[in-house]
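One structure is given here, and the rest of the page talks about it.
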Amino acid sequence: MHEWALAEAIARYAESVCSSRRVSKIVVKLGTLQAIDREVLSFALNAILESDGIRGAEIVLEDEEAVFRCRRCGATWRYSDVELDEALREAIHFLPEAVHSFVRCPRCGSRDFEVVKGRGVEVAEVVCGDGSEGGSH
Amino acid sequence: MHEWALAEAIARYAESVCSSRRVSKIVVKLGTLQAIDREVLSFALNAILESDGIRGAEIVLEDEEAVFRCRRCGATWRYSDVELDEALREAIHFLPEAVHSFVRCPRCGSRDFEVVKGRGVEVAEVVCGDGSEGGSH
Amino acid sequence: MDPREAVIRDRFSSVRRVVAFASSKGGVGKTCITCASALALKELGHRVGLLDLDVTNPTAHIVLGIDPKSTEIEEEKGVKPVEARGVEFMSPALFTHGEPSPLRGGEIHDAILEMLSVTRWGSLDYLLIDAPPGMSDEVLDVLRYIPRLEFVVVATPSPLSIDSARRFTKFLLDEGARVLGLVENMGSGSLESLCKSMGVRYLGYIPFDPELDRAIEEGRIESTRFYASVREICRSAFHSL
Amino acid sequence: MDPREAVIRDRFSSVRRVVAFASSKGGVGKTCITCASALALKELGHRVGLLDLDVTNPTAHIVLGIDPKSTEIEEEKGVKPVEARGVEFMSPALFTHGEPSPLRGGEIHDAILEMLSVTRWGSLDYLLIDAPPGMSDEVLDVLRYIPRLEFVVVATPSPLSIDSARRFTKFLLDEGARVLGLVENMGSGSLESLCKSMGVRYLGYIPFDPELDRAIEEGRIESTRFYASVREICRSAFHSL
Ligand SMILES: Nc1ncnc2c1ncn2[C@@H]1O[C@H](COP(=O)(O)OP(=O)(O)O)[C@@H](O)[C@H]1O
Ligand SMILES: Nc1ncnc2c1ncn2[C@@H]1O[C@H](COP(=O)(O)OP(=O)(O)O)[C@@H](O)[C@H]1O
Ligand SMILES: [Mg+2]
Ligand SMILES: [Mg+2]
Ligand SMILES: [Mg+2]
Ligand SMILES: [Mg+2]
Ligand code: NI
Ligand code: NI
Ligand SMILES: [Zn+2]
Ligand SMILES: [Zn+2]
């Protein structure tokens, strides 16, 4: 489960924002392009925090829909509207930028499009044990 | 005067935002990195607009100080604090990205810094003859 | 808002054809071929310009014998290309004076927009573009901004170059770009079948020329067999001749 | 906020040395030399990994005989490198399946952050990085993120490569990077004086080997004189041997 590696990144980040062992809440945005397994991520994140001596932190996972905008013609579209092989979706799961290899603008055919939102894993908010916001680290 | 070329760009842009001949105000931000000659730019812009049949448009030129932030160490500093040869300033006047060749972070020496603001010519606002804002084109 | 895009089309109104020599693989000969083509087309009676778009590692000025440090930039309602052996020449090297120019993609994009919007080309039959390796901002930007752009793909017969050329050509065709054809460099004809399989025109081959490097050093690329081969390819590739 | 940066240091904790083979000029032999060095260091008894960072035009998998389409990716608390002739191997090509991968600089930066943060290297003596040409996001990002990174500059004796190598080495030294030295490829010793003038170590030269391309095609780079030269350079360049 490669989600474990990203859970470690989230934990390290939260711990660097708060003083260690005092993380009380983490809000994570999951871009649908990367199609992260929520259960695996949440299990891993809890296990990692616990092994770092952080107990009872609230984990909130929020989906963010992946949206594209073509830099050549301006068209916008959603990943959920794209038909794609399971093997290619898995490649994008590992490396979201691979989307530029397999998906082209539905209007003009270009690969030169922007992932406007919903690419991958982002931390939206970290609340530390003393109630302070570590968000703007 | 290479400012003429940028004045043409501003005029073309404003004309594309409003329906032609109905531009009544243009607000231009001038990043100090490019060190645009305000008088030359303003003379050129008026001349170009006039030759396009646009009369009496108000031209507002606002300076924006160039600020850098190092991507390696986080230091921030201003172009106005940098000592630089006149010949190198002129090269940057023509191609602002040349700043990465001649200027390095005062703290760590890196060329990997961001021009946070004040790079070059930007249009902040266009008001069309009918009073509508063309700004969000 | 960035006004520069709005003027780029005008900047190419005095140019009949714009041709980019490109490949995602480096070191296949793009720069040497672009420079030799510019000199050859000039020799054949055309008005020619050359734009070096290898923003972080420009080298065309070396082949054309331009020393960036001692070259004066003239302004005339924009930036005038400098004159290099009868060719109108523009390069980021003219502004970086031989210093390193490490730029992130967004900065490369900005530099390209700047050069495209302020350079005032004269009346030209051909403006040749020396593209950098990779498939990033430089190539995506010329595709996005330059009207009527044509591509010549450059490749060598090495397995790494063939794989790259196949992928790069597919990319161009998928983008709807006009691909004039492929030039085989340092070869002897073996890429003709690759062209057939991709449905692009085979423009010919340029043999390996052991004298090329020394001729470049001595500023006399026109005296080489390399140059003679490039001139023949230009003669036949650009129909109008 | 992007959490990925926070974990990258941990990913390199099992790796003794990280060495990038780099040059802003394309086609000087970075990929061939990186791959041959990986195989040679393995032959000399080391545990070796190879990371292809030519994000928009990866080619190391071709030299190592990996077919991206038929290679399974294994997950184990991250993404496991695949095994290529005894070398731990990671490349963007494993995820793009041979399709074109045009990416703007910001996207390249994102792809690199992703690979650096999810790839789980084993216990390695050497992790070699095959860098792309240019001086952009790829090189700036490895400088920014990879701890204890060392560089080997690759150059050929051609005038365009020499000019590029001089500028690229100055860039690295200005950034405070550790430059192990310079390797001269397709030459016979003429770059030693360049190294002296720049104050970097001359690691040796690799002669032109007309058999190299065919050997790569046939998946037997180890049988070439090219490989033998690279192995000698590795032996002397990496002190600890
Ligand atoms: N036909 C040829 N014969 C011999 N050497 C060549 C030939 N074409 C190119 N070269 C050499 O190959 C090197 C790379 O060429 P260059 O034009 O810089 O490639 P690119 O622009 O694609 O990176 C140069 O040193 C040049 O001298
Ligand atoms: N010593 C050498 N002798 C002969 N050919 C070489 C040698 N080194 C590299 N080459 C050839 O040069 C080309 C470019 O090499 P490559 O490793 O792809 O360069 P880079 O990664 O710097 O772009 C390849 O086709 C390779 O076969
Ligand atoms: Mg080149
Ligand atoms: Mg780039
Ligand atoms: Mg390579
Ligand atoms: Mg790049
Ligand atoms: Ni996974
Ligand atoms: Ni000027
Ligand atoms: Zn489109
Ligand atoms: Zn710094």
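Residue numbers start at 1 in each chain; chains themselves are named A, B, ... in the order of the structure tokens; ligands are numbered from 1 in the order shown.
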
Neighbours of chain B in chain C at 6 Å, counting only C-alpha atoms, as a short mmCIF file (atom, residue, chain, number, x, y, z; two decimals) with C-alpha atoms, in the first residue's frame:
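Resulting contents of result_5.cif:
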```cif
data_model
loop_
_atom_site.label_atom_id
_atom_site.label_comp_id
_atom_site.auth_asym_id
_atom_site.auth_seq_id
_atom_site.Cartn_x
_atom_site.Cartn_y
_atom_site.Cartn_z
CA MET C 1 -3.42 40.49 -16.38
CA ASP C 2 -0.51 39.78 -18.70
CA PRO C 3 -0.80 41.90 -21.87
CA ARG C 4 2.09 40.31 -23.76
CA ALA C 6 -2.03 40.00 -27.16
CA VAL C 7 0.81 41.30 -29.33
CA GLU C 75 16.02 49.24 -29.45
CA GLU C 76 13.61 50.38 -32.13
CA LYS C 77 9.98 50.09 -31.16
CA GLY C 78 11.09 46.87 -29.51
CA VAL C 79 14.28 44.86 -29.41
CA PHE C 95 21.06 39.01 -22.03
CA THR C 96 22.80 36.53 -19.69
CA GLU C 99 26.56 33.49 -16.79
CA PRO C 100 24.54 30.45 -15.65
CA SER C 101 20.81 30.87 -16.16
CA VAL C 118 9.34 42.47 -27.80
#
```

**Study point:** Within 7 Å of ligand 2 (only C-alpha atoms and all ligand atoms), residues as a VMD selection string
**Key:** (chain C and resid 25 to 27 158 to 161) or (chain D and resid 25 to 33 132 to 133 185 to 186 206 to 210 212 to 213 226)

Review point. With only C-alpha atoms as the atoms that count, which of C:Arg178, C:Arg148, C:Arg104, C:Arg220 lies nearest to chain D?
Key: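 For chain D, the nearest of the candidates is C:Arg104.
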
Practice item. Could you please extract the residues within 12 Å of ligand 4, counting only C-alpha atoms and all ligand atoms, and hand them back as a PyMOL selection string? Key: (chain C and resi 24+53-57+102-112+131-141) or (chain D and resi 24+54-57+102-109+132-140)

Exercise for review: Between C:Leu172, C:Ile66, C:Leu182, C:Met198, single out the one closest to chain D, counting only C-alpha atoms.
Suggested key: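 The closest residue to chain D is C:Leu172.
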
Exercise for review: Go ahead and compute the interatomic distance for CA of Ala215 (chain C) and CA of Val82 (chain C), in Å to one decimal.
Suggested key: 22.4 Å

Exercise for review: Excluding Ser42 (chain B) and any residue of its chain fewer than 5 positions from it, enumerate the residues within 9 Å of it, using only C-alpha atoms, and give them as a PyMOL selection string.
Suggested key: chain B and resi 7+37+47+59-61

Go ahead and write the selection's residues with all heavy atoms as a CSV table (one decimal), in the first residue's frame.
```csv
chain,number,residue,atom,x,y,z
B,7,ALA,N,4.1,48.8,-24.9
B,7,ALA,CA,3.0,49.7,-25.0
B,7,ALA,C,2.0,49.1,-26.0
B,7,ALA,O,0.8,49.1,-25.8
B,7,ALA,CB,3.4,51.1,-25.5
B,37,ASP,N,10.9,52.8,-18.6
B,37,ASP,CA,10.9,54.3,-18.6
B,37,ASP,C,9.5,54.7,-18.7
B,37,ASP,O,8.8,54.6,-19.8
B,37,ASP,CB,11.7,54.7,-19.8
B,37,ASP,CG,11.9,56.2,-19.9
B,37,ASP,OD1,10.9,56.9,-19.6
B,37,ASP,OD2,13.0,56.7,-20.2
B,47,ALA,N,0.3,57.5,-28.1
B,47,ALA,CA,0.4,57.5,-29.5
B,47,ALA,C,-0.2,56.3,-30.2
B,47,ALA,O,-0.9,56.5,-31.2
B,47,ALA,CB,1.9,57.6,-29.9
B,59,ILE,N,-4.4,57.1,-18.6
B,59,ILE,CA,-3.4,56.1,-18.4
B,59,ILE,C,-2.8,56.3,-16.9
B,59,ILE,O,-2.3,57.4,-16.6
B,59,ILE,CB,-2.2,56.3,-19.3
B,59,ILE,CG1,-2.7,56.5,-20.8
B,59,ILE,CG2,-1.1,55.2,-19.2
B,59,ILE,CD1,-3.2,55.2,-21.4
B,60,VAL,N,-2.9,55.3,-16.1
B,60,VAL,CA,-2.3,55.3,-14.8
B,60,VAL,C,-1.2,54.3,-14.7
B,60,VAL,O,-1.4,53.1,-14.9
B,60,VAL,CB,-3.4,55.0,-13.7
B,60,VAL,CG1,-2.8,55.1,-12.3
B,60,VAL,CG2,-4.6,56.0,-13.9
B,61,LEU,N,0.0,54.8,-14.4
B,61,LEU,CA,1.2,53.9,-14.2
B,61,LEU,C,1.6,53.8,-12.7
B,61,LEU,O,1.8,54.8,-12.1
B,61,LEU,CB,2.4,54.4,-15.0
B,61,LEU,CG,2.1,54.6,-16.5
B,61,LEU,CD1,3.4,55.1,-17.2
B,61,LEU,CD2,1.6,53.3,-17.2
```

Practice item. DSSP on the backbone, then: every residue of region 9-233 of chain D marked alpha helix (DSSP H), written as a VMD selection string. Key: chain D and resid 9 to 11 30 to 43 60 to 63 93 to 96 105 to 118 137 to 145 159 to 174 192 to 198 212 to 217 225 to 233

Exercise for review: Taking the DSSP assignment computed from this structure's backbone, write out as a VMD selection string all residues of chain A that belong to strand (DSSP E).
Suggested key: chain A and resid 23 to 31 58 to 64 67 to 70 76 to 78 113 to 117 121 to 128

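Of the listed residues A:Lys117, A:Arg22, A:Arg38, A:Arg55, the one whose atoms come nearest to Phe68 (chain A) is A:Lys117, with distances taken using only C-alpha atoms.
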
Exercise for review: Taking only C-alpha atoms and all ligand atoms into account, report as an MDAnalysis selection string which residues have an atom no farther than 7 Å from an atom of ligand 9.
Suggested key: chainID A and resid 70:75 105:110

Go ahead and save the residues from that selection, with N, CA, C and O atoms, as a compact mmCIF listing (two decimals), in the first residue's frame.
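Once written, part_0.txt looks like this:
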```
# COMPACT_ATOMS: atom_id res chain seq x y z
N CYS A 70 -7.78 23.30 -20.13
CA CYS A 70 -6.85 23.24 -21.26
C CYS A 70 -6.16 24.59 -21.45
O CYS A 70 -6.80 25.63 -21.48
N ARG A 71 -4.83 24.56 -21.57
CA ARG A 71 -4.09 25.80 -21.80
C ARG A 71 -4.13 26.24 -23.26
O ARG A 71 -3.77 27.36 -23.57
N ARG A 72 -4.55 25.34 -24.13
CA ARG A 72 -4.60 25.73 -25.54
C ARG A 72 -5.95 26.31 -25.91
O ARG A 72 -6.02 27.30 -26.60
N CYS A 73 -7.05 25.68 -25.46
CA CYS A 73 -8.37 26.14 -25.91
C CYS A 73 -9.25 26.60 -24.77
O CYS A 73 -10.35 27.10 -25.00
N GLY A 74 -8.83 26.43 -23.52
CA GLY A 74 -9.61 26.94 -22.41
C GLY A 74 -10.70 26.01 -21.88
O GLY A 74 -11.34 26.31 -20.87
N ALA A 75 -10.93 24.89 -22.54
CA ALA A 75 -11.97 23.95 -22.09
C ALA A 75 -11.68 23.47 -20.67
O ALA A 75 -10.52 23.33 -20.28
N CYS A 105 -7.27 16.92 -23.92
CA CYS A 105 -8.42 17.82 -23.88
C CYS A 105 -9.56 17.29 -24.75
O CYS A 105 -9.35 16.97 -25.92
N PRO A 106 -10.77 17.19 -24.18
CA PRO A 106 -11.89 16.65 -24.96
C PRO A 106 -12.30 17.55 -26.12
O PRO A 106 -12.94 17.11 -27.05
N ARG A 107 -11.88 18.83 -26.08
CA ARG A 107 -12.26 19.73 -27.17
C ARG A 107 -11.18 19.79 -28.24
O ARG A 107 -11.46 19.61 -29.42
N CYS A 108 -9.92 20.02 -27.88
CA CYS A 108 -8.88 20.25 -28.90
C CYS A 108 -7.84 19.14 -28.96
O CYS A 108 -6.98 19.15 -29.84
N GLY A 109 -7.85 18.21 -28.02
CA GLY A 109 -6.92 17.08 -28.08
C GLY A 109 -5.57 17.34 -27.45
O GLY A 109 -4.69 16.48 -27.48
N SER A 110 -5.37 18.52 -26.84
CA SER A 110 -4.04 18.84 -26.31
C SER A 110 -3.76 18.14 -24.98
O SER A 110 -4.66 17.87 -24.19
```

Skipping near chain neighbours, those fewer than 2 positions away, what residues fall within 9 Å of Lys69 (chain C) using only C-alpha atoms, listed as an mmCIF file with all heavy atoms, in the first residue's frame?
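Output saved as out_12.cif:
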```
data_model
loop_
_atom_site.group_PDB
_atom_site.id
_atom_site.type_symbol
_atom_site.label_atom_id
_atom_site.label_comp_id
_atom_site.auth_asym_id
_atom_site.auth_seq_id
_atom_site.Cartn_x
_atom_site.Cartn_y
_atom_site.Cartn_z
ATOM 1 N N ILE C 66 28.778 34.652 -32.416
ATOM 2 C CA ILE C 66 28.371 35.875 -31.707
ATOM 3 C C ILE C 66 28.905 35.816 -30.282
ATOM 4 O O ILE C 66 28.678 34.835 -29.575
ATOM 5 C CB ILE C 66 26.829 35.971 -31.662
ATOM 6 C CG1 ILE C 66 26.252 36.171 -33.057
ATOM 7 C CG2 ILE C 66 26.374 37.076 -30.695
ATOM 8 C CD1 ILE C 66 26.369 37.570 -33.577
ATOM 9 N N ASP C 67 29.589 36.874 -29.849
ATOM 10 C CA ASP C 67 30.015 36.959 -28.448
ATOM 11 C C ASP C 67 29.011 37.829 -27.692
ATOM 12 O O ASP C 67 28.969 39.040 -27.883
ATOM 13 C CB ASP C 67 31.420 37.573 -28.372
ATOM 14 C CG ASP C 67 31.853 37.790 -26.923
ATOM 15 O OD1 ASP C 67 31.126 37.355 -26.002
ATOM 16 O OD2 ASP C 67 32.913 38.398 -26.719
ATOM 17 N N THR C 71 28.183 42.278 -27.676
ATOM 18 C CA THR C 71 27.161 42.597 -28.668
ATOM 19 C C THR C 71 26.202 43.649 -28.119
ATOM 20 O O THR C 71 25.623 43.472 -27.062
ATOM 21 C CB THR C 71 26.367 41.327 -29.046
ATOM 22 O OG1 THR C 71 27.289 40.337 -29.502
ATOM 23 C CG2 THR C 71 25.353 41.605 -30.141
ATOM 24 N N GLU C 72 26.065 44.753 -28.839
ATOM 25 C CA GLU C 72 25.139 45.814 -28.430
ATOM 26 C C GLU C 72 23.705 45.456 -28.824
ATOM 27 O O GLU C 72 23.463 45.014 -29.938
ATOM 28 C CB GLU C 72 25.506 47.129 -29.143
ATOM 29 C CG GLU C 72 26.744 47.802 -28.621
ATOM 30 C CD GLU C 72 26.489 48.489 -27.278
ATOM 31 O OE1 GLU C 72 25.384 49.057 -27.086
ATOM 32 O OE2 GLU C 72 27.393 48.443 -26.417
ATOM 33 N N ALA C 93 20.927 34.233 -24.631
ATOM 34 C CA ALA C 93 22.342 34.421 -24.305
ATOM 35 C C ALA C 93 22.764 35.878 -24.435
ATOM 36 O O ALA C 93 23.695 36.333 -23.766
ATOM 37 C CB ALA C 93 23.210 33.550 -25.214
ATOM 38 N N LEU C 94 22.072 36.642 -25.290
ATOM 39 C CA LEU C 94 22.413 38.053 -25.458
ATOM 40 C C LEU C 94 22.208 38.834 -24.167
ATOM 41 O O LEU C 94 22.767 39.919 -23.991
ATOM 42 C CB LEU C 94 21.562 38.678 -26.576
ATOM 43 C CG LEU C 94 21.765 38.093 -27.974
ATOM 44 C CD1 LEU C 94 20.746 38.667 -28.945
ATOM 45 C CD2 LEU C 94 23.187 38.354 -28.466
ATOM 46 N N PHE C 95 21.396 38.285 -23.253
ATOM 47 C CA PHE C 95 21.064 39.014 -22.026
ATOM 48 C C PHE C 95 21.676 38.392 -20.779
ATOM 49 O O PHE C 95 21.613 38.978 -19.713
ATOM 50 C CB PHE C 95 19.547 39.089 -21.880
ATOM 51 C CG PHE C 95 18.873 39.594 -23.115
ATOM 52 C CD1 PHE C 95 18.169 38.742 -23.956
ATOM 53 C CD2 PHE C 95 19.004 40.933 -23.481
ATOM 54 C CE1 PHE C 95 17.579 39.204 -25.117
ATOM 55 C CE2 PHE C 95 18.423 41.404 -24.645
ATOM 56 C CZ PHE C 95 17.704 40.543 -25.475
ATOM 57 N N THR C 96 22.252 37.188 -20.887
ATOM 58 C CA THR C 96 22.796 36.535 -19.695
ATOM 59 C C THR C 96 24.325 36.558 -19.679
ATOM 60 O O THR C 96 24.936 36.087 -18.720
ATOM 61 C CB THR C 96 22.305 35.078 -19.588
ATOM 62 O OG1 THR C 96 22.632 34.391 -20.805
ATOM 63 C CG2 THR C 96 20.805 35.026 -19.386
ATOM 64 N N HIS C 97 24.920 37.084 -20.737
ATOM 65 C CA HIS C 97 26.359 37.387 -20.752
ATOM 66 C C HIS C 97 27.230 36.205 -20.355
ATOM 67 O O HIS C 97 28.242 36.378 -19.663
ATOM 68 C CB HIS C 97 26.654 38.559 -19.797
ATOM 69 C CG HIS C 97 26.003 39.845 -20.212
ATOM 70 N ND1 HIS C 97 26.487 41.068 -19.863
ATOM 71 C CD2 HIS C 97 24.903 40.100 -20.962
ATOM 72 C CE1 HIS C 97 25.713 42.028 -20.364
ATOM 73 N NE2 HIS C 97 24.755 41.453 -21.024
ATOM 74 N N GLY C 98 26.832 34.990 -20.714
ATOM 75 C CA GLY C 98 27.672 33.832 -20.425
ATOM 76 C C GLY C 98 27.572 33.330 -18.993
ATOM 77 O O GLY C 98 28.232 32.351 -18.634
#
```

**Study point:** 12 Å contact set for region 236-238 of chain C, only C-alpha atoms, chain neighbours under 4 positions out, as JSON, numbers by chain
**Key:** {"C": [17, 18, 19, 37, 40, 41, 44, 46, 125, 126, 150, 151, 152, 179, 180, 181, 182, 183, 201, 202, 203, 204, 205, 229, 230, 231, 232]}

Write the residues of the preceding selection, restricted to C-alpha atoms, as a tab-separated table (two decimals), in the first residue's frame.
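The resulting file, part_2.tsv, is shown below:
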```
chain	number	residue	atom	x	y	z
C	17	ARG	CA	7.26	30.67	-42.40
C	18	VAL	CA	8.31	29.71	-38.87
C	19	VAL	CA	10.08	26.36	-38.57
C	37	SER	CA	19.97	25.67	-42.23
C	40	ALA	CA	22.09	27.73	-46.18
C	41	LEU	CA	18.67	29.32	-46.71
C	44	LEU	CA	19.94	30.24	-51.34
C	46	HIS	CA	16.17	33.97	-48.60
C	125	ASP	CA	11.10	34.29	-45.54
C	126	TYR	CA	12.09	31.90	-42.76
C	150	GLU	CA	6.02	24.00	-38.60
C	151	PHE	CA	8.29	21.36	-37.06
C	152	VAL	CA	11.32	19.48	-38.28
C	179	VAL	CA	5.32	18.20	-38.95
C	180	LEU	CA	7.30	18.97	-42.07
C	181	GLY	CA	9.31	15.79	-41.59
C	182	LEU	CA	12.26	14.16	-39.86
C	183	VAL	CA	15.98	14.70	-40.46
C	201	ARG	CA	8.11	12.68	-44.42
C	202	TYR	CA	11.74	11.56	-44.36
C	203	LEU	CA	13.75	14.65	-45.21
C	204	GLY	CA	17.10	12.92	-45.64
C	205	TYR	CA	20.22	12.15	-43.66
C	229	SER	CA	24.28	17.94	-46.54
C	230	VAL	CA	22.11	20.38	-44.59
C	231	ARG	CA	21.86	22.68	-47.61
C	232	GLU	CA	20.68	19.82	-49.81
```
